[in-house]
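Trainee: Here you go, my_file36.csv (CSV, C-alpha atoms and all ligand atoms):
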```
chain,number,residue,atom,x,y,z
C,28,MET,CA,-11.7,21.1,121.1
C,29,ALA,CA,-8.2,19.6,120.8
C,30,ARG,CA,-7.4,16.2,122.2
C,31,LEU,CA,-5.2,16.1,125.3
C,32,HIS,CA,-2.0,14.2,124.7
C,33,VAL,CA,-0.8,11.8,127.3
C,34,LEU,CA,1.9,9.1,127.6
C,35,PRO,CA,4.5,10.4,125.2
C,36,PRO,CA,6.2,7.7,123.1
C,37,ASP,CA,9.4,7.4,125.1
C,38,ASP,CA,11.1,4.8,127.2
C,39,ARG,CA,9.1,5.7,130.3
C,40,ALA,CA,5.8,5.2,128.4
C,41,GLU,CA,7.0,1.9,127.1
C,42,ARG,CA,7.9,0.7,130.6
C,43,LEU,CA,4.5,1.7,131.8
C,44,TRP,CA,2.8,-0.2,128.9
C,45,ALA,CA,4.9,-3.3,129.7
C,46,LEU,CA,3.9,-3.0,133.3
C,47,GLY,CA,0.2,-2.7,132.2
C,48,ARG,CA,0.5,-5.7,129.9
C,49,TRP,CA,2.0,-7.9,132.6
C,50,GLY,CA,-0.5,-6.6,135.1
C,51,GLY,CA,-3.4,-7.4,132.7
C,52,LEU,CA,-2.1,-10.9,132.1
C,53,LEU,CA,-1.6,-11.7,135.8
C,54,GLY,CA,-5.0,-10.2,136.6
C,55,PHE,CA,-6.6,-12.4,134.0
C,56,ALA,CA,-4.9,-15.5,135.4
C,57,ALA,CA,-6.1,-14.5,138.9
C,58,LEU,CA,-9.6,-13.9,137.6
C,59,LEU,CA,-9.8,-17.4,136.1
C,60,LEU,CA,-8.6,-18.9,139.3
C,61,ALA,CA,-11.0,-16.8,141.5
C,62,LEU,CA,-14.0,-17.7,139.2
C,63,VAL,CA,-13.4,-21.3,140.1
C,64,VAL,CA,-12.4,-21.0,143.8
C,65,GLU,CA,-14.4,-18.0,145.0
C,66,PRO,CA,-16.9,-17.3,142.2
C,67,ARG,CA,-19.2,-14.9,144.0
C,68,PRO,CA,-16.8,-12.0,144.7
C,69,ALA,CA,-15.0,-12.7,141.3
C,70,LEU,CA,-18.3,-12.4,139.4
C,71,ALA,CA,-19.4,-9.4,141.4
C,72,SER,CA,-16.2,-7.4,140.8
C,73,LEU,CA,-16.0,-8.4,137.1
C,74,TRP,CA,-19.6,-7.7,136.1
C,75,ASN,CA,-20.2,-4.7,138.4
C,76,ILE,CA,-16.9,-2.9,138.4
C,77,ALA,CA,-14.5,-3.9,135.6
C,78,VAL,CA,-16.9,-4.5,132.7
C,79,PRO,CA,-19.0,-1.3,133.3
C,80,LEU,CA,-15.8,0.8,133.2
C,81,LEU,CA,-14.8,-0.5,129.8
C,82,PRO,CA,-17.3,1.4,127.6
C,83,ALA,CA,-16.3,4.7,129.4
C,84,SER,CA,-12.6,3.9,128.7
C,85,PHE,CA,-13.4,3.4,125.0
C,86,PHE,CA,-15.0,6.9,124.8
C,87,VAL,CA,-12.0,8.4,126.5
C,88,ALA,CA,-9.2,6.5,124.7
C,89,PRO,CA,-9.6,2.9,123.3
C,90,ALA,CA,-5.8,2.7,123.3
C,91,PHE,CA,-5.8,2.3,127.1
C,92,TRP,CA,-7.6,-1.1,127.0
C,93,ARG,CA,-6.1,-2.2,123.8
C,94,GLY,CA,-2.7,-1.6,125.3
C,95,VAL,CA,-3.2,-3.8,128.4
C,96,CYS,CA,-5.9,-6.3,127.4
C,97,PRO,CA,-4.7,-9.8,128.3
C,98,LEU,CA,-6.3,-11.4,125.3
C,99,SER,CA,-4.5,-8.9,123.1
C,100,THR,CA,-1.2,-9.8,124.9
C,101,LEU,CA,-1.9,-13.5,124.2
C,102,ASN,CA,-2.7,-12.7,120.6
C,103,ALA,CA,0.6,-10.9,120.2
C,104,PHE,CA,2.4,-13.7,122.1
C,105,GLY,CA,1.0,-16.2,119.6
C,106,ASN,CA,3.0,-14.5,116.8
C,107,ARG,CA,6.1,-16.2,118.4
C,108,LEU,CA,4.6,-19.6,117.9
C,109,GLY,CA,3.9,-19.7,114.2
C,110,PRO,CA,4.7,-18.1,110.9
C,111,ALA,CA,3.3,-14.6,110.4
C,112,ARG,CA,0.8,-14.9,107.5
C,113,LEU,CA,-1.0,-11.8,106.4
C,114,MET,CA,-4.8,-12.4,106.1
C,115,THR,CA,-6.4,-12.1,102.7
C,116,PRO,CA,-9.2,-9.4,102.4
C,117,GLY,CA,-11.7,-12.3,102.2
C,118,GLN,CA,-10.4,-13.9,105.4
C,119,SER,CA,-10.4,-10.6,107.1
C,120,ALA,CA,-14.0,-9.9,106.2
C,121,ALA,CA,-15.1,-13.4,107.1
C,122,ILE,CA,-13.4,-13.4,110.5
C,123,GLY,CA,-14.7,-9.8,111.2
C,124,ALA,CA,-18.2,-10.9,110.4
C,125,LEU,CA,-17.8,-13.8,112.8
C,126,GLY,CA,-16.7,-11.4,115.5
C,127,LEU,CA,-20.0,-9.5,115.1
C,128,VAL,CA,-21.9,-12.8,115.3
C,129,LEU,CA,-19.9,-13.7,118.5
C,130,PHE,CA,-20.9,-10.4,120.1
C,131,HIS,CA,-24.6,-11.1,119.6
C,132,VAL,CA,-24.2,-14.7,120.9
C,133,ILE,CA,-21.9,-14.1,123.8
C,134,VAL,CA,-23.4,-11.0,125.4
C,135,PRO,CA,-27.0,-12.5,125.7
C,136,ALA,CA,-25.3,-15.7,127.1
C,137,ARG,CA,-24.5,-13.6,130.2
C,138,HIS,CA,-28.2,-14.1,131.2
C,139,LEU,CA,-27.9,-17.8,130.5
C,140,GLY,CA,-25.2,-18.5,133.1
C,141,LEU,CA,-22.1,-16.4,132.4
C,142,ASN,CA,-23.3,-13.7,134.9
C,143,THR,CA,-23.8,-16.3,137.7
C,144,ASP,CA,-21.7,-19.4,137.1
C,145,GLY,CA,-18.0,-18.8,137.8
C,146,PRO,CA,-16.5,-22.0,136.5
C,147,LEU,CA,-18.7,-21.7,133.3
C,148,LEU,CA,-17.4,-18.2,132.7
C,149,ALA,CA,-13.8,-19.3,133.5
C,150,GLY,CA,-14.1,-22.0,130.9
C,151,ALA,CA,-15.5,-19.6,128.3
C,152,LEU,CA,-12.8,-17.0,128.9
C,153,GLY,CA,-10.1,-19.7,128.8
C,154,ALA,CA,-11.4,-20.9,125.5
C,155,ILE,CA,-11.4,-17.4,124.1
C,156,ALA,CA,-7.8,-16.9,125.4
C,157,LEU,CA,-6.7,-20.1,123.5
C,158,LEU,CA,-8.4,-18.8,120.4
C,159,ALA,CA,-6.5,-15.5,120.7
C,160,LEU,CA,-3.2,-17.3,121.1
C,161,GLY,CA,-3.9,-19.7,118.2
C,162,LEU,CA,-5.0,-16.9,115.9
C,163,GLY,CA,-1.8,-15.1,116.8
C,164,ALA,CA,0.2,-18.2,115.7
C,165,ALA,CA,-1.7,-18.4,112.4
C,166,PHE,CA,-1.9,-14.7,111.3
C,167,ALA,CA,0.4,-11.7,111.4
C,168,SER,CA,0.5,-9.4,114.4
C,169,ARG,CA,-3.0,-8.9,116.0
C,170,SER,CA,-4.9,-8.9,112.7
C,171,ALA,CA,-7.0,-12.0,113.3
C,172,PHE,CA,-8.1,-11.7,116.9
C,173,CYS,CA,-7.8,-8.0,118.1
C,174,ASN,CA,-8.7,-6.6,114.7
C,175,ALA,CA,-11.3,-9.1,113.6
C,176,LEU,CA,-12.7,-11.9,115.8
C,177,CYS,CA,-12.7,-10.2,119.2
C,178,PRO,CA,-16.3,-9.8,120.3
C,179,VAL,CA,-15.5,-6.5,122.1
C,180,LEU,CA,-14.0,-5.0,119.0
C,181,PRO,CA,-17.2,-3.7,117.4
C,182,VAL,CA,-17.9,-1.7,120.6
C,183,GLU,CA,-14.3,-0.4,120.8
C,184,ARG,CA,-14.6,0.8,117.3
C,185,LEU,CA,-18.0,2.4,117.7
C,186,TYR,CA,-17.2,4.2,121.0
C,187,GLY,CA,-13.6,4.8,120.1
C,188,GLN,CA,-14.2,6.7,116.9
C,189,ALA,CA,-13.5,10.1,118.5
C,190,PRO,CA,-11.3,9.6,121.6
C,191,LEU,CA,-11.1,12.5,124.1
C,192,LEU,CA,-7.4,11.7,124.8
C,193,ALA,CA,-4.6,11.1,122.4
C,194,VAL,CA,-2.8,8.1,123.7
C,195,SER,CA,0.2,6.6,121.9
C,196,ARG,CA,-0.5,3.0,121.1
C,197,GLY,CA,0.8,0.5,123.7
C,198,ARG,CA,1.8,-2.2,121.2
C,199,CYS,CA,3.2,-2.6,117.7
C,200,GLY,CA,6.2,-0.3,118.2
C,201,THR,CA,6.7,-0.6,114.4
C,202,CYS,CA,3.4,-1.0,112.5
C,203,THR,CA,3.6,-3.6,109.8
C,204,VAL,CA,0.1,-2.7,108.6
C,205,CYS,CA,-1.2,-6.2,109.3
C,206,THR,CA,-4.7,-4.6,109.2
C,207,PRO,CA,-4.8,-2.0,106.4
C,208,VAL,CA,-8.4,-0.9,107.2
C,209,GLY,CA,-10.0,-0.3,110.6
C,210,CYS,CA,-7.1,-0.7,113.1
C,211,LEU,CA,-7.8,1.5,116.1
C,212,ASP,CA,-4.1,1.4,117.0
C,213,LEU,CA,-3.1,2.8,113.7
C,214,ALA,CA,-5.7,5.5,113.4
C,215,ASP,CA,-8.4,5.4,116.1
C,216,ASP,CA,-10.5,8.3,114.8
C,217,LYS,CA,-10.4,7.0,111.2
C,218,ALA,CA,-11.2,3.3,111.8
C,219,MET,CA,-15.0,3.6,111.7
C,220,ARG,CA,-14.9,5.7,108.5
C,221,GLN,CA,-12.5,3.2,106.9
C,222,LEU,CA,-14.8,0.3,107.7
C,223,ILE,CA,-17.9,2.0,106.4
C,224,GLY,CA,-15.9,2.9,103.3
C,225,PRO,CA,-17.4,4.3,100.1
C,226,ALA,CA,-20.9,3.4,101.3
C,227,ARG,CA,-20.5,6.4,103.6
C,228,GLY,CA,-20.7,8.8,100.6
C,229,LEU,CA,-23.4,6.9,98.9
C,230,GLY,CA,-25.8,7.0,101.9
C,231,ARG,CA,-25.8,3.2,102.1
C,232,TRP,CA,-23.8,3.0,105.4
C,233,THR,CA,-26.7,1.1,107.1
C,234,VAL,CA,-26.1,-1.9,104.9
C,235,THR,CA,-22.4,-2.3,105.7
C,236,PRO,CA,-21.6,-4.7,108.6
C,237,PHE,CA,-20.5,-2.0,111.0
C,238,GLY,CA,-23.3,0.3,109.9
C,239,LEU,CA,-25.7,-2.5,110.7
C,240,PHE,CA,-24.0,-3.0,114.1
C,241,ALA,CA,-24.2,0.7,115.0
C,242,ALA,CA,-27.9,1.0,114.0
C,243,SER,CA,-28.9,-2.1,115.9
C,244,LEU,CA,-26.9,-1.6,119.1
C,245,PRO,CA,-29.3,0.7,121.0
C,246,GLY,CA,-32.2,-1.8,120.8
C,247,PHE,CA,-29.9,-4.7,121.6
C,248,ILE,CA,-28.9,-2.9,124.8
C,249,ILE,CA,-32.5,-2.2,125.7
C,250,GLY,CA,-33.4,-5.9,125.1
C,251,TYR,CA,-30.5,-7.1,127.2
C,252,GLY,CA,-31.3,-4.6,130.0
C,253,LEU,CA,-34.9,-5.6,130.2
C,254,THR,CA,-34.1,-9.3,130.5
C,255,PRO,CA,-33.2,-10.9,133.9
C,256,ASP,CA,-30.7,-13.7,134.5
C,257,VAL,CA,-32.4,-17.0,133.7
C,258,GLY,CA,-31.2,-20.5,133.2
C,259,GLY,CA,-29.9,-21.9,129.9
C,260,HIS,CA,-33.3,-23.4,129.2
C,261,ALA,CA,-34.7,-19.9,128.6
C,262,TRP,CA,-32.4,-19.2,125.7
C,263,PRO,CA,-35.2,-18.5,123.2
C,264,ARG,CA,-36.6,-15.7,125.5
C,265,VAL,CA,-33.1,-14.1,125.9
C,266,TYR,CA,-32.2,-14.2,122.3
C,267,ALA,CA,-35.7,-13.0,121.2
C,268,ALA,CA,-35.3,-10.0,123.5
C,269,THR,CA,-31.8,-9.0,122.5
C,270,LEU,CA,-32.0,-9.8,118.8
C,271,GLY,CA,-35.6,-8.6,118.6
C,272,GLY,CA,-34.5,-5.3,120.2
C,273,ALA,CA,-31.6,-5.1,117.7
C,274,ALA,CA,-33.9,-5.7,114.7
C,275,ALA,CA,-36.4,-3.1,115.9
C,276,SER,CA,-33.6,-0.6,116.5
C,277,TYR,CA,-32.2,-1.2,113.0
C,278,ALA,CA,-35.6,-0.7,111.4
C,279,ILE,CA,-36.1,2.6,113.3
C,280,VAL,CA,-32.6,4.0,112.5
C,281,ALA,CA,-32.9,2.9,108.8
C,282,LEU,CA,-36.3,4.6,108.5
C,283,ALA,CA,-34.9,7.8,110.2
C,284,VAL,CA,-31.9,7.8,107.9
C,285,ARG,CA,-34.2,7.4,104.8
C,286,LEU,CA,-36.5,10.3,106.0
C,287,LEU,CA,-33.9,12.7,107.5
C,288,ARG,CA,-30.8,11.9,105.4
C,289,PRO,CA,-28.3,12.8,108.1
C,290,ARG,CA,-24.6,12.8,107.2
C,291,PRO,CA,-23.5,9.2,107.7
C,292,MET,CA,-20.8,9.7,110.3
C,293,ARG,CA,-23.1,12.0,112.3
C,294,ALA,CA,-25.7,9.2,112.3
C,295,VAL,CA,-23.1,6.7,113.4
C,296,THR,CA,-22.0,9.1,116.2
C,297,ALA,CA,-25.6,9.6,117.3
C,298,CYS,CA,-26.0,5.8,117.5
C,299,ALA,CA,-22.8,5.4,119.5
C,300,ALA,CA,-23.9,8.2,122.0
C,301,LEU,CA,-27.4,6.8,122.4
C,302,SER,CA,-26.0,3.3,123.0
C,303,GLY,CA,-23.5,4.5,125.6
C,304,VAL,CA,-26.2,6.5,127.5
C,305,LEU,CA,-28.7,3.5,127.3
C,306,TYR,CA,-26.0,1.2,128.6
C,307,TYR,CA,-25.2,3.2,131.7
C,308,TRP,CA,-28.9,4.1,132.3
C,309,MET,CA,-29.8,0.4,132.4
C,310,THR,CA,-26.6,-0.8,134.2
C,311,ALA,CA,-26.5,1.8,137.0
C,312,PRO,CA,-29.3,0.4,139.2
C,313,ILE,CA,-28.1,-3.2,138.6
C,314,VAL,CA,-24.5,-2.3,139.8
C,315,VAL,CA,-25.9,-0.4,142.8
C,316,ARG,CA,-28.1,-3.3,143.8
C,317,ASN,CA,-25.5,-6.0,143.3
C,318,LEU,CA,-22.8,-4.1,145.2
C,319,ALA,CA,-25.3,-3.0,147.9
C,320,LEU,CA,-24.3,0.7,147.3
C,321,PRO,CA,-26.5,3.6,148.5
C,322,PRO,CA,-29.4,4.1,146.1
C,323,ALA,CA,-28.4,7.7,145.4
C,324,ILE,CA,-25.4,6.4,143.5
C,325,ALA,CA,-27.5,5.1,140.6
C,326,PRO,CA,-28.7,8.6,139.5
C,327,GLY,CA,-25.2,9.8,139.9
C,328,ILE,CA,-23.9,7.2,137.5
C,329,ARG,CA,-26.7,8.0,135.0
C,330,GLY,CA,-26.0,11.8,135.3
C,331,ALA,CA,-22.3,11.4,134.8
C,332,ALA,CA,-22.9,9.2,131.7
C,333,LEU,CA,-25.3,11.7,130.3
C,334,VAL,CA,-22.9,14.6,130.8
C,335,GLY,CA,-19.8,12.7,129.7
C,336,ILE,CA,-21.2,11.1,126.7
C,337,GLY,CA,-23.1,14.3,125.8
C,338,LEU,CA,-19.8,16.2,125.7
C,339,TRP,CA,-18.2,13.4,123.7
C,340,ALA,CA,-21.1,13.5,121.2
C,341,VAL,CA,-20.9,17.3,120.8
C,342,ARG,CA,-17.2,17.1,120.0
C,343,ALA,CA,-17.6,14.0,117.8
C,344,LEU,CA,-20.5,15.5,115.8
C,345,ARG,CA,-18.5,18.6,115.0
C,346,ARG,CA,-15.8,16.5,113.5
C,347,ALA,CA,-18.2,14.0,111.7
C,348,ASP,CA,-18.4,14.6,107.9
C,401,LIG,S1,-0.9,-1.0,114.7
C,401,LIG,FE1,-0.2,-1.9,112.7
C,401,LIG,S2,0.8,-3.8,113.2
C,401,LIG,FE2,-0.4,-3.2,115.0
C,401,LIG,S3,-2.4,-4.2,114.8
C,401,LIG,FE3,-2.6,-2.1,113.9
C,401,LIG,S4,-2.2,-2.4,111.7
C,401,LIG,FE4,-1.4,-4.3,112.8
```
The structure in this file should be written as structure tokens.

Mentor:
Amino acid sequence: MARLHVLPPDDRAERLWALGRWGGLLGFAALLLALVVEPRPALASLWNIAVPLLPASFFVAPAFWRGVCPLSTLNAFGNRLGPARLMTPGQSAAIGALGLVLFHVIVPARHLGLNTDGPLLAGALGAIALLALGLGAAFASRSAFCNALCPVLPVERLYGQAPLLAVSRGRCGTCTVCTPVGCLDLADDKAMRQLIGPARGLGRWTVTPFGLFAASLPGFIIGYGLTPDVGGHAWPRVYAATLGGAAASYAIVALAVRLLRPRPMRAVTACAALSGVLYYWMTAPIVVRNLALPPAIAPGIRGAALVGIGLWAVRALRRAD
């Protein structure tokens, strides 16, 4: 099945991207303000509408979000504030590993206050925004934040490995190859393969950082979904559920890989599809309850996720080597 091509790289598309970037930035500023002034509706729309749409957009075309994400805009803006230094491979690996750690720290922290405390979330988002800006001033293009430290990046890469739509990138009109390996904007459908690298051929993909992430994500999602919002005092319970789920998931996938010896990229694709379906399966009833929607909508979301991600998986598995 060929990918549909949208947004041709012409002036019209560039104007649309610019509009999207400014819209994203203004929306982000409005969100920070609303989280402090009117936290309840701001939290409800962020966690129950905006955030649940993101994984679906990564399956369809990660370029959409990467083209308008306000943190990415700030990261790129930071380039104007300092000298553009290329990262060394060591710095890139270290900051990338830190991004994986941040994902496993920040997502569970939603249950510890980020889901329910508007000013706390505004402070956290503001701090991450400053980090994106600062890393843009320290390192070339978007290499240090968007392609390394961003805690959303591992999910973008996993779900964005076989986009359904071919969308021209919305930034980096001229690529300077600031990130030689794993940039979704440079080669979305090759990024995951590049990151797993030679270990892919040797059957050792589960011991690479991104292989480890892919194998542990299904259990992490189950652990998160089964845990309620609790106070900060309950952090051992929250991290035990999420990290315990991740460890169990990794053990099961590693054992299955050892016994069944699937082709590496097929196994990674299966982990991505399972994670996506689990996410929507567990999120649908929460969204319906929080937004006071008719209960029949939850099975509708689950069914749409099953069908949509199923189609994505069939197509991705055919291409996986
Ligand atoms: S498209 Fe090129 S310049 Fe832009 S972030 Fe990717 S590697 Fe860097």

Trainee: Sorted by chain and rising residue number, list the residues of segment 211-327 of chain C at most 12 Å from segment 334-342 of chain C (counting all atoms listed in the file), each with its closest atom pair and distance in Å to one decimal, as JSON lines.

Mentor:
```
{"residue": "C:Met292", "atom": "CA", "partner": "C:Ala340", "partner_atom": "CA", "distance": 11.5}
{"residue": "C:Arg293", "atom": "CA", "partner": "C:Ala340", "partner_atom": "CA", "distance": 9.2}
{"residue": "C:Ala294", "atom": "CA", "partner": "C:Ala340", "partner_atom": "CA", "distance": 10.9}
{"residue": "C:Val295", "atom": "CA", "partner": "C:Ala340", "partner_atom": "CA", "distance": 10.5}
{"residue": "C:Thr296", "atom": "CA", "partner": "C:Ala340", "partner_atom": "CA", "distance": 6.7}
{"residue": "C:Ala297", "atom": "CA", "partner": "C:Ala340", "partner_atom": "CA", "distance": 7.1}
{"residue": "C:Cys298", "atom": "CA", "partner": "C:Ala340", "partner_atom": "CA", "distance": 9.8}
{"residue": "C:Ala299", "atom": "CA", "partner": "C:Ala340", "partner_atom": "CA", "distance": 8.4}
{"residue": "C:Ala300", "atom": "CA", "partner": "C:Ala340", "partner_atom": "CA", "distance": 6.0}
{"residue": "C:Leu301", "atom": "CA", "partner": "C:Ile336", "partner_atom": "CA", "distance": 8.7}
{"residue": "C:Ser302", "atom": "CA", "partner": "C:Ile336", "partner_atom": "CA", "distance": 9.9}
{"residue": "C:Gly303", "atom": "CA", "partner": "C:Ile336", "partner_atom": "CA", "distance": 7.1}
{"residue": "C:Val304", "atom": "CA", "partner": "C:Ile336", "partner_atom": "CA", "distance": 6.8}
{"residue": "C:Leu305", "atom": "CA", "partner": "C:Ile336", "partner_atom": "CA", "distance": 10.7}
{"residue": "C:Tyr306", "atom": "CA", "partner": "C:Ile336", "partner_atom": "CA", "distance": 11.2}
{"residue": "C:Tyr307", "atom": "CA", "partner": "C:Ile336", "partner_atom": "CA", "distance": 10.2}
{"residue": "C:Trp308", "atom": "CA", "partner": "C:Ile336", "partner_atom": "CA", "distance": 11.8}
{"residue": "C:Gly327", "atom": "CA", "partner": "C:Val334", "partner_atom": "CA", "distance": 10.5}
```

Trainee: Could the residues that lie within 12 Å of ligand LIG 401 (chain C), counting only C-alpha atoms and all ligand atoms, be listed as number ranges by chain?

Mentor: C: 90, 93-94, 99-100, 102-103, 106, 111, 113-114, 163, 166-175, 195-215, 218

Trainee: What's the 7 Å shell around Gly187 of chain C, counting only C-alpha atoms, without same-chain residues fewer than 3 positions away, as an mmCIF file with C-alpha atoms, in the frame of the given file?

Mentor:
```cif
data_model
loop_
_atom_site.group_PDB
_atom_site.id
_atom_site.type_symbol
_atom_site.label_atom_id
_atom_site.label_comp_id
_atom_site.auth_asym_id
_atom_site.auth_seq_id
_atom_site.Cartn_x
_atom_site.Cartn_y
_atom_site.Cartn_z
ATOM 1 C CA PHE C 85 -13.400 3.400 125.000
ATOM 2 C CA PHE C 86 -15.000 6.900 124.800
ATOM 3 C CA ALA C 88 -9.200 6.500 124.700
ATOM 4 C CA PRO C 89 -9.600 2.900 123.300
ATOM 5 C CA GLU C 183 -14.300 -0.400 120.800
ATOM 6 C CA ARG C 184 -14.600 0.800 117.300
ATOM 7 C CA PRO C 190 -11.300 9.600 121.600
ATOM 8 C CA ASP C 215 -8.400 5.400 116.100
#
```

Trainee: Find the residue from C:Leu53, C:Gly238, C:Ile249, C:Leu318 that sits nearest to Ala226 of chain C; use only C-alpha atoms when measuring.

Mentor: C:Gly238

Trainee: For each of C:Phe237, C:Leu191, C:Arg137, C:Gly330, take the minimum atom-to-atom distance to Gly224 of chain C, counting all atoms listed in the file, then give the residue where this is smallest.

Mentor: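 Between C:Phe237, C:Leu191, C:Arg137, C:Gly330, the residue approaching Gly224 of chain C most closely is C:Phe237.
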
Trainee: Against segment 67-81 of chain C, which residues of segment 142-213 of chain C fall within 7 Å? For each one I want the closest pair of atoms and the distance in Å (one decimal), counting only C-alpha atoms, rows by chain and increasing residue number, as CSV.

Mentor:
```
residue,atom,partner,partner_atom,distance
C:Asn142,CA,C:Leu70,CA,6.9
C:Thr143,CA,C:Leu70,CA,7.0
C:Gly145,CA,C:Leu70,CA,6.6
```

Trainee: What's the 9 Å shell around Gly246 of chain C, counting all atoms listed in the file, without same-chain residues fewer than 2 positions away, as a VMD selection string?

Mentor: chain C and resid 242 to 244 248 to 251 269 to 277 302

Trainee: What does the distance from atom CA of Pro225 of chain C to atom CA of Ala343 of chain C come to in Å, to one decimal?

Mentor: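 About the pair atom CA of Pro225 of chain C and atom CA of Ala343 of chain C: they are 20.2 Å apart.
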
Trainee: Taking into account all atoms listed in the file, which residue in the set C:Ala268, C:Ala347, C:Leu141, C:Val280 is nearest to Lys217 of chain C?

Mentor: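 Closest to Lys217 of chain C of all the choices is C:Ala347.
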
Trainee: Write out as a VMD selection string each polymer residue whose atoms come within 12 Å of Asp256 of chain C, counting only C-alpha atoms; drop sequence neighbours fewer than 4 positions from it.

Mentor: chain C and resid 134 to 144 251 to 252 260 to 262 264 to 265 313

Trainee: Give me, please, the distance in Å between atom CA of Ala281 of chain C and atom CA of Arg231 of chain C, quoted to one decimal.

Mentor: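 Going from atom CA of Ala281 of chain C over to atom CA of Arg231 of chain C covers 9.8 Å.
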
Trainee: Given only C-alpha atoms as the basis, pick out the residue of C:Pro116, C:Trp44, C:Ile133, C:Leu58 nearest to Trp92 of chain C.

Mentor: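 Closest candidate: C:Trp44.
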
Trainee: To one decimal place in Å, what is the distance between atom CA of Val182 of chain C and atom CA of Leu282 of chain C?

Mentor: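 Answer for the atom CA of Val182 of chain C to atom CA of Leu282 of chain C separation: 22.9 Å.
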
Trainee: Could you tell me which of C:Gly54, C:Pro178, C:Pro245, C:Gly105 comes closest to Leu160 of chain C if we count all atoms listed in the file?

Mentor: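 Nearest to Leu160 of chain C: C:Gly105.
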
Trainee: Please reconstruct the missing atoms of segment 232-244 of chain C (target: N, CA and C atoms) and return them as a compact mmCIF listing (two decimals), in the coordinates of the input.

Mentor:
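Writing done, so here's part.txt:
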```txt
# COMPACT_ATOMS: atom_id res chain seq x y z
N TRP C 232 -24.65 3.49 104.26
CA TRP C 232 -23.80 3.00 105.40
C TRP C 232 -24.58 1.98 106.23
N THR C 233 -25.92 2.06 106.25
CA THR C 233 -26.70 1.10 107.10
C THR C 233 -26.60 -0.31 106.64
N VAL C 234 -26.18 -0.53 105.38
CA VAL C 234 -26.10 -1.90 104.90
C VAL C 234 -24.69 -2.48 104.98
N THR C 235 -23.75 -1.71 105.51
CA THR C 235 -22.40 -2.30 105.70
C THR C 235 -22.43 -3.01 107.09
N PRO C 236 -21.54 -3.98 107.31
CA PRO C 236 -21.60 -4.70 108.60
C PRO C 236 -21.49 -3.82 109.81
N PHE C 237 -20.60 -2.82 109.78
CA PHE C 237 -20.50 -2.00 111.00
C PHE C 237 -21.59 -0.95 111.07
N GLY C 238 -22.15 -0.55 109.92
CA GLY C 238 -23.30 0.30 109.90
C GLY C 238 -24.49 -0.43 110.57
N LEU C 239 -24.63 -1.67 110.18
CA LEU C 239 -25.70 -2.50 110.70
C LEU C 239 -25.54 -2.68 112.24
N PHE C 240 -24.30 -2.88 112.66
CA PHE C 240 -24.00 -3.00 114.10
C PHE C 240 -24.39 -1.74 114.84
N ALA C 241 -23.95 -0.60 114.30
CA ALA C 241 -24.20 0.70 115.00
C ALA C 241 -25.68 0.97 115.10
N ALA C 242 -26.42 0.68 114.03
CA ALA C 242 -27.90 1.00 114.00
C ALA C 242 -28.65 0.07 114.95
N SER C 243 -28.16 -1.15 115.14
CA SER C 243 -28.90 -2.10 115.90
C SER C 243 -28.53 -2.13 117.42
N LEU C 244 -27.38 -1.51 117.76
CA LEU C 244 -26.90 -1.60 119.10
C LEU C 244 -27.84 -1.00 120.19
```
